[in-house]
Amino acid sequence: MSMPLNALAATDAAQSMQVHMHEWLALGGLVVALIGMDLFLHLRKPHEPTIKECTRWLVFYVSLAVVFGVYTLFRHSSKFAFEYFAAYFTEYSLSIDNIFIFIIIIGSFRVPRKYQQKVLLWGIVTALVLRLVFILLGATLLESFSWLFFIFAAFLLWTAWNQLREGVEDRKDPDHDDDVYKPNAVVRGARKVFMVTDGFVGDKMLVRRNHKTFVTPFFLCIISIGSADLMFALDSIPASFGLTAQPFIIFAANAFALMGLRQLFFLVEGLLERLVYLHYGLAAILAFIGFKLLVEACHGQGWLEIVPDIHPLVSLAVILVILVLTVVTSLGKTKREAIEGTNVEEAGDEIEAGRVAQAFREKGAEPSGARKSADGRQLEESQRSGEERQPGDEQRPGDGSLSGRKGPSNK
């Protein structure tokens with residue numbers, strides 16, 4: 001009995017990427033070296049990063065990600081290079097949503113500005129280690145139980161629906177209480193197990209007082225960020241498995257996306273509110289990947305053979321188009337709202353001034369502010385021409401000109 005063409009092609013493609021152990025070691029060594037560089041070169045002296053510094057290092061991390069994609073292109077094939085870039089852009093776009101949570105967590109713990117870099121770095125390291133375990137576990141389970149693809153696909157479609165619903169709720173109620181931090185089970189458990197200091201002790205995680213070990217809010221914030229990011233991994237990693245079946249590619253995409261997340265945090269911290277359509281963009285990406293994963297799962301069972309496989313290049317193009325449209329439409333929307341808000345405010349001031357003037361007229365008086373507004377232009381012209389009226393000046397009844405003489409009136 002011959003295998004279906006799609007299954008045979010998928011098998012050949014999967015077998016064509018042979019990742020050697022030295023590639024895993026090189027990637028792991030690169031990630032460890034980047035973390036060490038951050039710790040010993042940049043975070044040795046806590047400081048508030050400048051925009052120039054964040055931009056420079058963000059470009060560096062993105063360039064490393066591009067170099068890895070080029071390496072994948074020449075070392076393996078264009079197919080796996082497209083899969084890597086699709087997974088990378090997906091992870092990066094989903095990581096932007098993580099920054100919302102990071103801002104809320106850091107603000108809730110009141111982390112001093114100069115320590116925020118180190119908190120983010122250790123939180124990202126924690127999340128990266130946990131994601132590696134999750135990726136390897138997911139790959140093992142998918143090899144043994146192919147039906148898990150259906151669960152992943154359903155989970156992605158459900159997550160896409162939640163993103164869409166959150167976007168609709170944000171548009172209906174922009175002022176809803178979305179910035180209240182609620183500690184998760186990990187943080188609540190840590191508070192019960194460990195004794196916590198009243199405040200920050202520099203950038204220390206543990207301190208000894210009276211022969212007792214205390215944890216600091218710095219440590220709890222790291223645990224909170226790492227565990228929160230792991231919750232986001234439940235969305236992003238299934239999405240990556242929907243784009244590629246290679247754990248090496250998925251880990252590389254996660255590593256490069258997370259390593260640049262710290263700099264991105266400080267760059268876009270004040271710009272995230274302008275991405276008003278971010279939820280819709282993420283919903284579209286997750287729905288597309290969920291549909292792609294569902295089609296591949298059906299093909300593995302010999303179903304829906306009439307529906308063609310989605311090529312990795314098509315996946316990459318769709319993801320990039322969605323991201324560009326999300327950013328462009330969001331910025332356009334916020335710009336229009338800013339212009340309309342300014343016009344409405346000016347119109348409101350004019351209406352209010354008109355109401356006040358009308359009320360004074362009805363009472364037979366004219367407000368000084370309204371008179372000043374009405375005669376402002378005439379007064380300015382009079383001042384420029386030097387025709388200022390003096391307190392004792394009299395007006396000649398015939399021609400309306402000023403007499404320029406002062407004195408008692410005739411009786």
# chains A, B, ... in the order shown; residues from 1 in each chain; ligands from 1
call {"tool": "residues_around", "arguments": {"residues": "segment 109-115 of chain A", "least_positions_apart": "2", "cutoff": "8 Å", "atoms": "only C-alpha atoms", "output": "short mmCIF file (atom, residue, chain, number, x, y, z; two decimals) with C-alpha atoms, in the first residue's frame"}}
result
data_model
loop_
_atom_site.label_atom_id
_atom_site.label_comp_id
_atom_site.auth_asym_id
_atom_site.auth_seq_id
_atom_site.Cartn_x
_atom_site.Cartn_y
_atom_site.Cartn_z
CA PRO A 46 22.55 49.11 37.23
CA HIS A 47 21.42 52.07 35.14
CA GLU A 48 18.48 53.35 33.18
CA PRO A 49 19.07 52.48 29.51
CA ILE A 105 4.03 43.37 36.77
CA ILE A 106 7.02 45.72 37.06
CA GLY A 107 4.75 48.63 37.90
CA GLN A 117 16.85 45.63 33.01
CA LYS A 118 18.14 42.91 35.35
CA VAL A 119 14.63 41.88 36.38
CA ASP A 203 19.34 44.12 43.14
CA PRO A 217 10.51 41.65 45.90
CA PHE A 218 13.21 41.60 43.21
CA CYS A 221 9.17 39.90 40.34
#
call {"tool": "closest_residue", "arguments": {"among": "A:Ala255, A:Val70, A:Leu25, A:Val201", "to": "Tyr92 of chain A", "atoms": "only C-alpha atoms"}}
result
A:Ala255
call {"tool": "select_by_dssp", "arguments": {"residues": "segment 178-345 of chain A", "states": "alpha helix (DSSP H)", "output": "compact mmCIF listing (two decimals) with N, CA, C and O atoms, in the first residue's frame"}}
result
# COMPACT_ATOMS: atom_id res chain seq x y z
N ALA A 185 -0.32 31.67 40.80
CA ALA A 185 -0.15 30.65 41.84
C ALA A 185 1.31 30.51 42.26
O ALA A 185 1.60 30.24 43.44
N VAL A 186 2.23 30.69 41.32
CA VAL A 186 3.66 30.55 41.65
C VAL A 186 4.09 31.62 42.64
O VAL A 186 4.76 31.34 43.63
N VAL A 187 3.70 32.86 42.38
CA VAL A 187 4.08 33.96 43.27
C VAL A 187 3.39 33.82 44.62
O VAL A 187 4.00 34.04 45.67
N ARG A 188 2.11 33.44 44.62
CA ARG A 188 1.41 33.26 45.90
C ARG A 188 2.05 32.14 46.72
O ARG A 188 2.19 32.25 47.94
N GLY A 189 2.47 31.06 46.03
CA GLY A 189 3.14 29.98 46.74
C GLY A 189 4.48 30.41 47.30
O GLY A 189 4.85 30.03 48.43
N ALA A 190 5.23 31.22 46.54
CA ALA A 190 6.53 31.69 47.03
C ALA A 190 6.37 32.57 48.25
O ALA A 190 7.19 32.52 49.19
N ARG A 191 5.32 33.39 48.27
CA ARG A 191 5.09 34.25 49.43
C ARG A 191 4.78 33.42 50.68
O ARG A 191 5.09 33.84 51.81
N LYS A 192 4.15 32.27 50.48
CA LYS A 192 3.81 31.43 51.63
C LYS A 192 5.02 30.65 52.13
O LYS A 192 5.15 30.41 53.33
N VAL A 193 5.90 30.26 51.23
CA VAL A 193 7.04 29.41 51.60
C VAL A 193 8.18 30.25 52.16
O VAL A 193 8.81 29.88 53.16
N PRO A 217 11.46 41.44 47.00
CA PRO A 217 10.51 41.65 45.90
C PRO A 217 11.17 41.53 44.53
O PRO A 217 10.48 41.21 43.55
N PHE A 218 12.48 41.79 44.45
CA PHE A 218 13.21 41.60 43.21
C PHE A 218 13.10 40.16 42.73
O PHE A 218 12.83 39.89 41.56
N PHE A 219 13.27 39.21 43.66
CA PHE A 219 13.18 37.78 43.34
C PHE A 219 11.75 37.42 42.93
O PHE A 219 11.53 36.69 41.96
N LEU A 220 10.77 37.91 43.68
CA LEU A 220 9.37 37.60 43.36
C LEU A 220 8.97 38.15 42.00
O LEU A 220 8.20 37.52 41.26
N CYS A 221 9.50 39.32 41.65
CA CYS A 221 9.17 39.90 40.34
C CYS A 221 9.75 39.05 39.22
O CYS A 221 9.10 38.86 38.18
N ILE A 222 10.96 38.52 39.41
CA ILE A 222 11.56 37.64 38.40
C ILE A 222 10.71 36.38 38.24
O ILE A 222 10.43 35.94 37.11
N ILE A 223 10.30 35.78 39.35
CA ILE A 223 9.45 34.58 39.30
C ILE A 223 8.14 34.90 38.60
O ILE A 223 7.63 34.11 37.79
N SER A 224 7.59 36.06 38.88
CA SER A 224 6.31 36.44 38.28
C SER A 224 6.45 36.60 36.77
O SER A 224 5.61 36.11 36.00
N ILE A 225 7.51 37.28 36.31
CA ILE A 225 7.71 37.47 34.88
C ILE A 225 7.98 36.15 34.18
O ILE A 225 7.42 35.86 33.10
N GLY A 226 8.84 35.30 34.78
CA GLY A 226 9.14 34.01 34.16
C GLY A 226 7.92 33.12 34.05
O GLY A 226 7.68 32.49 33.00
N SER A 227 7.12 33.05 35.11
CA SER A 227 5.94 32.19 35.08
C SER A 227 4.86 32.76 34.16
O SER A 227 4.16 32.00 33.47
N ALA A 228 4.74 34.10 34.12
CA ALA A 228 3.77 34.70 33.20
C ALA A 228 4.16 34.44 31.75
O ALA A 228 3.31 34.14 30.91
N ASP A 229 5.47 34.52 31.46
CA ASP A 229 5.92 34.26 30.10
C ASP A 229 5.70 32.80 29.72
O ASP A 229 5.42 32.49 28.57
N LEU A 230 5.84 31.91 30.70
CA LEU A 230 5.57 30.49 30.40
C LEU A 230 4.11 30.28 30.02
O LEU A 230 3.80 29.45 29.16
N MET A 231 3.21 31.05 30.65
CA MET A 231 1.81 30.95 30.27
C MET A 231 1.61 31.40 28.83
O MET A 231 0.81 30.82 28.08
N PHE A 232 2.34 32.43 28.42
CA PHE A 232 2.26 32.86 27.03
C PHE A 232 2.85 31.81 26.09
O PHE A 232 2.44 31.71 24.93
N ALA A 233 3.82 31.03 26.60
CA ALA A 233 4.42 29.98 25.76
C ALA A 233 3.39 28.93 25.39
O ALA A 233 3.53 28.24 24.37
N LEU A 234 2.36 28.76 26.20
CA LEU A 234 1.31 27.80 25.87
C LEU A 234 0.58 28.19 24.60
O LEU A 234 -0.04 27.35 23.94
N ASP A 235 0.64 29.49 24.24
CA ASP A 235 0.08 29.94 22.96
C ASP A 235 1.11 29.90 21.85
O ASP A 235 0.83 29.41 20.75
N SER A 236 2.30 30.43 22.13
CA SER A 236 3.28 30.64 21.06
C SER A 236 3.93 29.35 20.58
O SER A 236 4.17 29.18 19.38
N ILE A 237 4.25 28.45 21.49
CA ILE A 237 4.94 27.22 21.07
C ILE A 237 4.05 26.32 20.22
O ILE A 237 4.50 25.80 19.19
N PRO A 238 2.78 26.10 20.59
CA PRO A 238 1.91 25.39 19.63
C PRO A 238 1.82 26.09 18.29
O PRO A 238 1.73 25.44 17.24
N ALA A 239 1.85 27.43 18.29
CA ALA A 239 1.83 28.16 17.02
C ALA A 239 3.09 27.85 16.21
O ALA A 239 3.02 27.68 14.98
N SER A 240 4.24 27.75 16.87
CA SER A 240 5.48 27.41 16.17
C SER A 240 5.43 25.99 15.63
O SER A 240 5.91 25.72 14.52
N PHE A 241 4.86 25.07 16.39
CA PHE A 241 4.71 23.69 15.90
C PHE A 241 3.75 23.64 14.71
O PHE A 241 3.81 22.71 13.91
N PRO A 247 12.24 20.94 16.38
CA PRO A 247 12.49 21.58 17.68
C PRO A 247 13.67 22.56 17.63
O PRO A 247 13.66 23.57 18.33
N PHE A 248 14.67 22.27 16.80
CA PHE A 248 15.84 23.15 16.69
C PHE A 248 15.42 24.53 16.18
O PHE A 248 15.86 25.56 16.70
N ILE A 249 14.57 24.56 15.17
CA ILE A 249 14.09 25.83 14.62
C ILE A 249 13.22 26.56 15.64
O ILE A 249 13.34 27.78 15.82
N ILE A 250 12.36 25.83 16.33
CA ILE A 250 11.45 26.46 17.29
C ILE A 250 12.24 27.07 18.44
O ILE A 250 11.96 28.20 18.87
N PHE A 251 13.25 26.33 18.96
CA PHE A 251 14.04 26.88 20.06
C PHE A 251 14.83 28.11 19.61
O PHE A 251 14.94 29.09 20.34
N ALA A 252 15.40 28.06 18.41
CA ALA A 252 16.15 29.21 17.91
C ALA A 252 15.24 30.43 17.76
O ALA A 252 15.62 31.55 18.14
N ALA A 253 14.03 30.24 17.22
CA ALA A 253 13.10 31.35 17.06
C ALA A 253 12.71 31.94 18.42
O ALA A 253 12.66 33.17 18.59
N ASN A 254 12.47 31.07 19.40
CA ASN A 254 12.14 31.55 20.75
C ASN A 254 13.31 32.27 21.39
O ASN A 254 13.13 33.33 22.02
N ALA A 255 14.52 31.72 21.24
CA ALA A 255 15.70 32.33 21.86
C ALA A 255 15.95 33.72 21.32
O ALA A 255 16.13 34.68 22.09
N PHE A 256 15.97 33.87 20.00
CA PHE A 256 16.27 35.18 19.42
C PHE A 256 15.14 36.18 19.67
O PHE A 256 15.40 37.39 19.82
N ALA A 257 13.90 35.71 19.70
CA ALA A 257 12.78 36.62 19.98
C ALA A 257 12.83 37.12 21.42
O ALA A 257 12.61 38.30 21.70
N LEU A 258 13.16 36.22 22.37
CA LEU A 258 13.19 36.60 23.78
C LEU A 258 14.41 37.45 24.12
O LEU A 258 14.32 38.36 24.96
N MET A 259 15.55 37.16 23.50
CA MET A 259 16.77 37.90 23.84
C MET A 259 16.66 39.37 23.49
O MET A 259 17.26 40.22 24.12
N LEU A 261 13.83 40.99 23.63
CA LEU A 261 12.60 41.51 24.22
C LEU A 261 12.89 42.58 25.27
O LEU A 261 12.10 43.51 25.46
N ARG A 262 14.02 42.47 25.96
CA ARG A 262 14.35 43.45 27.02
C ARG A 262 14.53 44.84 26.43
O ARG A 262 14.00 45.82 26.97
N GLN A 263 15.27 44.94 25.34
CA GLN A 263 15.46 46.25 24.71
C GLN A 263 14.16 46.77 24.13
O GLN A 263 13.87 47.97 24.19
N LEU A 264 13.36 45.85 23.56
CA LEU A 264 12.08 46.26 22.99
C LEU A 264 11.16 46.83 24.06
O LEU A 264 10.37 47.75 23.80
N PHE A 265 11.27 46.31 25.28
CA PHE A 265 10.44 46.78 26.39
C PHE A 265 10.65 48.27 26.63
O PHE A 265 9.69 49.04 26.77
N PHE A 266 11.91 48.71 26.66
CA PHE A 266 12.19 50.11 26.95
C PHE A 266 11.91 51.01 25.75
O PHE A 266 11.66 52.21 25.92
N LEU A 267 11.95 50.46 24.54
CA LEU A 267 11.70 51.28 23.35
C LEU A 267 10.22 51.55 23.14
O LEU A 267 9.82 52.66 22.78
N VAL A 268 9.40 50.53 23.33
CA VAL A 268 7.98 50.67 22.98
C VAL A 268 7.09 50.79 24.20
O VAL A 268 5.88 50.73 24.09
N LEU A 278 -3.74 45.63 17.91
CA LEU A 278 -2.81 44.52 18.14
C LEU A 278 -3.55 43.21 18.38
O LEU A 278 -3.17 42.16 17.85
N HIS A 279 -4.61 43.26 19.17
CA HIS A 279 -5.36 42.04 19.46
C HIS A 279 -5.93 41.43 18.18
O HIS A 279 -5.93 40.20 18.01
N TYR A 280 -6.40 42.29 17.28
CA TYR A 280 -6.96 41.77 16.02
C TYR A 280 -5.86 41.13 15.17
O TYR A 280 -6.08 40.09 14.54
N GLY A 281 -4.68 41.77 15.12
CA GLY A 281 -3.58 41.19 14.35
C GLY A 281 -3.13 39.86 14.90
O GLY A 281 -2.93 38.89 14.14
N LEU A 282 -2.98 39.77 16.23
CA LEU A 282 -2.58 38.49 16.83
C LEU A 282 -3.64 37.42 16.62
O LEU A 282 -3.33 36.25 16.40
N ALA A 283 -4.90 37.82 16.70
CA ALA A 283 -5.99 36.87 16.46
C ALA A 283 -5.92 36.32 15.04
O ALA A 283 -6.11 35.11 14.81
N ALA A 284 -5.64 37.19 14.06
CA ALA A 284 -5.54 36.74 12.67
C ALA A 284 -4.37 35.78 12.47
O ALA A 284 -4.49 34.76 11.79
N ILE A 285 -3.23 36.09 13.10
CA ILE A 285 -2.06 35.21 12.97
C ILE A 285 -2.33 33.85 13.59
O ILE A 285 -2.06 32.80 12.99
N LEU A 286 -2.87 33.83 14.80
CA LEU A 286 -3.14 32.56 15.48
C LEU A 286 -4.21 31.75 14.74
O LEU A 286 -4.12 30.52 14.66
N ALA A 287 -5.22 32.43 14.21
CA ALA A 287 -6.26 31.71 13.46
C ALA A 287 -5.68 31.09 12.19
O ALA A 287 -6.01 29.95 11.83
N PHE A 288 -4.82 31.83 11.50
CA PHE A 288 -4.19 31.30 10.29
C PHE A 288 -3.33 30.07 10.61
O PHE A 288 -3.42 29.04 9.93
N ILE A 289 -2.52 30.16 11.67
CA ILE A 289 -1.66 29.03 12.02
C ILE A 289 -2.50 27.85 12.51
O ILE A 289 -2.20 26.69 12.21
N GLY A 290 -3.57 28.14 13.25
CA GLY A 290 -4.45 27.05 13.68
C GLY A 290 -5.09 26.34 12.51
O GLY A 290 -5.19 25.11 12.49
N PHE A 291 -5.52 27.10 11.49
CA PHE A 291 -6.08 26.48 10.29
C PHE A 291 -5.02 25.65 9.55
O PHE A 291 -5.30 24.53 9.11
N LYS A 292 -3.81 26.19 9.44
CA LYS A 292 -2.72 25.46 8.78
C LYS A 292 -2.43 24.15 9.51
O LYS A 292 -2.24 23.09 8.89
N LEU A 293 -2.37 24.21 10.85
CA LEU A 293 -2.09 23.01 11.63
C LEU A 293 -3.22 22.01 11.51
O LEU A 293 -2.99 20.79 11.45
N LEU A 294 -4.46 22.48 11.44
CA LEU A 294 -5.60 21.59 11.29
C LEU A 294 -5.56 20.87 9.94
O LEU A 294 -5.83 19.66 9.86
N VAL A 295 -5.20 21.60 8.88
CA VAL A 295 -5.08 20.98 7.56
C VAL A 295 -4.00 19.92 7.56
O VAL A 295 -4.20 18.80 7.04
N GLU A 296 -2.85 20.20 8.16
CA GLU A 296 -1.76 19.22 8.20
C GLU A 296 -2.15 17.99 9.03
O GLU A 296 -1.78 16.87 8.69
N ALA A 297 -2.89 18.23 10.12
CA ALA A 297 -3.33 17.10 10.94
C ALA A 297 -4.31 16.22 10.16
O ALA A 297 -4.25 14.97 10.24
N CYS A 298 -5.19 16.84 9.39
CA CYS A 298 -6.12 16.06 8.57
C CYS A 298 -5.39 15.29 7.47
O CYS A 298 -5.72 14.13 7.17
N HIS A 299 -4.38 15.91 6.87
CA HIS A 299 -3.60 15.22 5.84
C HIS A 299 -2.88 14.01 6.43
O HIS A 299 -2.72 12.99 5.75
N GLY A 300 -2.43 14.13 7.67
CA GLY A 300 -1.77 12.99 8.30
C GLY A 300 -2.70 11.80 8.50
O GLY A 300 -2.25 10.65 8.58
N PRO A 312 5.70 27.04 3.41
CA PRO A 312 6.30 27.94 4.42
C PRO A 312 6.47 29.37 3.94
O PRO A 312 6.32 30.31 4.74
N LEU A 313 6.77 29.58 2.66
CA LEU A 313 6.90 30.93 2.14
C LEU A 313 5.57 31.67 2.20
O LEU A 313 5.52 32.87 2.52
N VAL A 314 4.48 30.96 1.92
CA VAL A 314 3.15 31.57 2.02
C VAL A 314 2.85 31.93 3.47
O VAL A 314 2.31 33.02 3.76
N SER A 315 3.20 31.05 4.39
CA SER A 315 2.99 31.34 5.81
C SER A 315 3.75 32.59 6.23
O SER A 315 3.20 33.46 6.92
N LEU A 316 5.01 32.68 5.83
CA LEU A 316 5.82 33.85 6.16
C LEU A 316 5.21 35.12 5.59
O LEU A 316 5.12 36.15 6.28
N ALA A 317 4.77 35.08 4.34
CA ALA A 317 4.18 36.26 3.70
C ALA A 317 2.90 36.69 4.41
O ALA A 317 2.68 37.89 4.65
N VAL A 318 2.05 35.74 4.75
CA VAL A 318 0.78 36.07 5.43
C VAL A 318 1.06 36.72 6.78
O VAL A 318 0.44 37.74 7.14
N ILE A 319 2.00 36.18 7.54
CA ILE A 319 2.31 36.73 8.86
C ILE A 319 2.86 38.14 8.75
O ILE A 319 2.46 39.05 9.50
N LEU A 320 3.77 38.37 7.80
CA LEU A 320 4.34 39.71 7.62
C LEU A 320 3.28 40.72 7.18
O LEU A 320 3.26 41.86 7.67
N VAL A 321 2.40 40.31 6.27
CA VAL A 321 1.35 41.22 5.81
C VAL A 321 0.42 41.59 6.97
O VAL A 321 0.05 42.77 7.13
N ILE A 322 0.06 40.63 7.79
CA ILE A 322 -0.81 40.90 8.93
C ILE A 322 -0.14 41.87 9.90
O ILE A 322 -0.77 42.82 10.41
N LEU A 323 1.15 41.66 10.18
CA LEU A 323 1.87 42.54 11.10
C LEU A 323 1.94 43.97 10.56
O LEU A 323 1.71 44.93 11.30
N VAL A 324 2.25 44.11 9.28
CA VAL A 324 2.36 45.45 8.68
C VAL A 324 1.00 46.14 8.71
O VAL A 324 0.90 47.33 9.08
N LEU A 325 -0.05 45.44 8.34
CA LEU A 325 -1.39 46.03 8.35
C LEU A 325 -1.80 46.44 9.76
O LEU A 325 -2.42 47.50 9.97
N THR A 326 -1.45 45.61 10.75
CA THR A 326 -1.80 45.92 12.14
C THR A 326 -1.14 47.21 12.59
O THR A 326 -1.78 48.09 13.18
N VAL A 327 0.15 47.34 12.31
CA VAL A 327 0.89 48.53 12.73
C VAL A 327 0.39 49.78 11.99
O VAL A 327 0.12 50.82 12.61
N VAL A 328 0.24 49.68 10.68
CA VAL A 328 -0.15 50.85 9.88
C VAL A 328 -1.55 51.32 10.26
O VAL A 328 -1.78 52.52 10.47
N THR A 329 -2.50 50.41 10.34
CA THR A 329 -3.87 50.81 10.68
C THR A 329 -3.97 51.33 12.11
O THR A 329 -4.73 52.26 12.38
N SER A 330 -3.19 50.75 13.03
CA SER A 330 -3.22 51.22 14.42
C SER A 330 -2.69 52.64 14.52
O SER A 330 -3.31 53.50 15.16
N LEU A 331 -1.55 52.90 13.91
CA LEU A 331 -0.98 54.24 13.97
C LEU A 331 -1.88 55.26 13.27
O LEU A 331 -2.03 56.40 13.73
N GLY A 332 -2.49 54.86 12.15
CA GLY A 332 -3.41 55.75 11.47
C GLY A 332 -4.63 56.07 12.32
O GLY A 332 -5.10 57.21 12.36
N LYS A 333 -5.15 55.06 13.02
CA LYS A 333 -6.31 55.26 13.88
C LYS A 333 -6.00 56.21 15.03
O LYS A 333 -6.77 57.14 15.31
N THR A 334 -4.88 56.00 15.71
CA THR A 334 -4.54 56.86 16.84
C THR A 334 -4.26 58.29 16.38
O THR A 334 -4.58 59.25 17.09
N LYS A 335 -3.68 58.45 15.19
CA LYS A 335 -3.43 59.80 14.67
C LYS A 335 -4.73 60.53 14.38
O LYS A 335 -4.90 61.71 14.71
N ARG A 336 -5.70 59.82 13.75
CA ARG A 336 -7.00 60.44 13.47
C ARG A 336 -7.72 60.81 14.76
O ARG A 336 -8.33 61.87 14.86
N GLU A 337 -7.66 59.92 15.76
CA GLU A 337 -8.33 60.20 17.03
C GLU A 337 -7.70 61.40 17.72
O GLU A 337 -8.41 62.20 18.35
N ALA A 338 -6.38 61.54 17.61
CA ALA A 338 -5.71 62.69 18.22
C ALA A 338 -6.16 63.99 17.56
O ALA A 338 -6.43 64.99 18.23
N ILE A 339 -6.26 63.98 16.22
CA ILE A 339 -6.69 65.18 15.50
C ILE A 339 -8.14 65.51 15.83
O ILE A 339 -8.50 66.66 16.10
N GLU A 340 -9.01 64.48 15.82
CA GLU A 340 -10.42 64.71 16.15
C GLU A 340 -10.59 65.18 17.58
O GLU A 340 -11.43 66.04 17.87
N GLY A 341 -9.77 64.62 18.51
CA GLY A 341 -9.86 65.05 19.89
C GLY A 341 -9.49 66.51 20.07
O GLY A 341 -10.14 67.25 20.83
N THR A 342 -8.49 66.98 19.34
CA THR A 342 -8.10 68.39 19.40
C THR A 342 -9.20 69.28 18.86
O THR A 342 -9.54 70.32 19.44
N ASN A 343 -9.80 68.89 17.72
CA ASN A 343 -10.88 69.69 17.12
C ASN A 343 -12.10 69.74 18.03
O ASN A 343 -12.73 70.79 18.18
N VAL A 344 -12.43 68.60 18.64
CA VAL A 344 -13.59 68.56 19.54
C VAL A 344 -13.37 69.45 20.75
O VAL A 344 -14.25 70.16 21.22
N GLU A 345 -12.13 69.43 21.27
CA GLU A 345 -11.83 70.26 22.44
C GLU A 345 -11.94 71.74 22.11
O GLU A 345 -12.50 72.52 22.87
call {"tool": "closest_residue", "arguments": {"among": "A:Leu243, A:Val207, A:Leu148, A:Leu128", "to": "Thr90 of chain A", "atoms": "only C-alpha atoms"}}
result
A:Leu243
call {"tool": "closest_residue", "arguments": {"among": "A:Gly260, A:Phe82, A:Ala26, A:Ile306", "to": "Thr55 of chain A", "atoms": "only C-alpha atoms"}}
result
A:Gly260
call {"tool": "atom_distance", "arguments": {"atom1": "atom CA of Gly242 of chain A", "atom2": "atom CA of Glu91 of chain A"}}
result
12.1 Å
call {"tool": "decode", "arguments": {"residues": "segment 262-267 of chain A", "atoms": "all heavy atoms", "output": "PDB file, in the first residue's frame"}}
result
ATOM      1  N   ARG A 262      14.020  42.473  25.959  1.00  0.00           N
ATOM      2  CA  ARG A 262      14.346  43.447  27.016  1.00  0.00           C
ATOM      3  C   ARG A 262      14.528  44.842  26.434  1.00  0.00           C
ATOM      4  O   ARG A 262      14.003  45.823  26.966  1.00  0.00           O
ATOM      5  CB  ARG A 262      15.606  42.995  27.743  1.00  0.00           C
ATOM      6  CG  ARG A 262      16.060  43.931  28.838  1.00  0.00           C
ATOM      7  CD  ARG A 262      17.155  43.287  29.662  1.00  0.00           C
ATOM      8  NE  ARG A 262      18.276  42.904  28.843  1.00  0.00           N
ATOM      9  CZ  ARG A 262      19.292  43.703  28.526  1.00  0.00           C
ATOM     10  NH1 ARG A 262      19.281  44.955  28.952  1.00  0.00           N
ATOM     11  NH2 ARG A 262      20.293  43.278  27.798  1.00  0.00           N
ATOM     12  N   GLN A 263      15.274  44.937  25.337  1.00  0.00           N
ATOM     13  CA  GLN A 263      15.462  46.248  24.712  1.00  0.00           C
ATOM     14  C   GLN A 263      14.162  46.775  24.127  1.00  0.00           C
ATOM     15  O   GLN A 263      13.869  47.970  24.185  1.00  0.00           O
ATOM     16  CB  GLN A 263      16.526  46.161  23.617  1.00  0.00           C
ATOM     17  CG  GLN A 263      17.944  46.019  24.121  1.00  0.00           C
ATOM     18  CD  GLN A 263      18.267  44.623  24.601  1.00  0.00           C
ATOM     19  OE1 GLN A 263      17.550  43.673  24.297  1.00  0.00           O
ATOM     20  NE2 GLN A 263      19.349  44.479  25.334  1.00  0.00           N
ATOM     21  N   LEU A 264      13.362  45.853  23.559  1.00  0.00           N
ATOM     22  CA  LEU A 264      12.084  46.262  22.992  1.00  0.00           C
ATOM     23  C   LEU A 264      11.161  46.827  24.064  1.00  0.00           C
ATOM     24  O   LEU A 264      10.373  47.748  23.802  1.00  0.00           O
ATOM     25  CB  LEU A 264      11.425  45.067  22.295  1.00  0.00           C
ATOM     26  CG  LEU A 264      10.195  45.361  21.446  1.00  0.00           C
ATOM     27  CD1 LEU A 264      10.556  46.235  20.263  1.00  0.00           C
ATOM     28  CD2 LEU A 264       9.559  44.060  20.956  1.00  0.00           C
ATOM     29  N   PHE A 265      11.267  46.306  25.276  1.00  0.00           N
ATOM     30  CA  PHE A 265      10.443  46.780  26.390  1.00  0.00           C
ATOM     31  C   PHE A 265      10.649  48.270  26.629  1.00  0.00           C
ATOM     32  O   PHE A 265       9.691  49.041  26.767  1.00  0.00           O
ATOM     33  CB  PHE A 265      10.793  45.989  27.655  1.00  0.00           C
ATOM     34  CG  PHE A 265      10.167  46.513  28.916  1.00  0.00           C
ATOM     35  CD1 PHE A 265       8.906  46.104  29.298  1.00  0.00           C
ATOM     36  CD2 PHE A 265      10.836  47.430  29.717  1.00  0.00           C
ATOM     37  CE1 PHE A 265       8.323  46.595  30.458  1.00  0.00           C
ATOM     38  CE2 PHE A 265      10.264  47.924  30.869  1.00  0.00           C
ATOM     39  CZ  PHE A 265       9.003  47.497  31.246  1.00  0.00           C
ATOM     40  N   PHE A 266      11.911  48.713  26.664  1.00  0.00           N
ATOM     41  CA  PHE A 266      12.189  50.115  26.953  1.00  0.00           C
ATOM     42  C   PHE A 266      11.908  51.011  25.749  1.00  0.00           C
ATOM     43  O   PHE A 266      11.658  52.206  25.918  1.00  0.00           O
ATOM     44  CB  PHE A 266      13.652  50.271  27.389  1.00  0.00           C
ATOM     45  CG  PHE A 266      13.943  49.669  28.731  1.00  0.00           C
ATOM     46  CD1 PHE A 266      14.541  48.430  28.836  1.00  0.00           C
ATOM     47  CD2 PHE A 266      13.603  50.334  29.895  1.00  0.00           C
ATOM     48  CE1 PHE A 266      14.803  47.865  30.074  1.00  0.00           C
ATOM     49  CE2 PHE A 266      13.861  49.786  31.138  1.00  0.00           C
ATOM     50  CZ  PHE A 266      14.455  48.542  31.236  1.00  0.00           C
ATOM     51  N   LEU A 267      11.950  50.463  24.541  1.00  0.00           N
ATOM     52  CA  LEU A 267      11.701  51.278  23.354  1.00  0.00           C
ATOM     53  C   LEU A 267      10.218  51.550  23.139  1.00  0.00           C
ATOM     54  O   LEU A 267       9.825  52.661  22.778  1.00  0.00           O
ATOM     55  CB  LEU A 267      12.292  50.593  22.111  1.00  0.00           C
ATOM     56  CG  LEU A 267      13.807  50.696  21.920  1.00  0.00           C
ATOM     57  CD1 LEU A 267      14.230  49.925  20.683  1.00  0.00           C
ATOM     58  CD2 LEU A 267      14.238  52.149  21.792  1.00  0.00           C
TER      59      LEU A 267
END
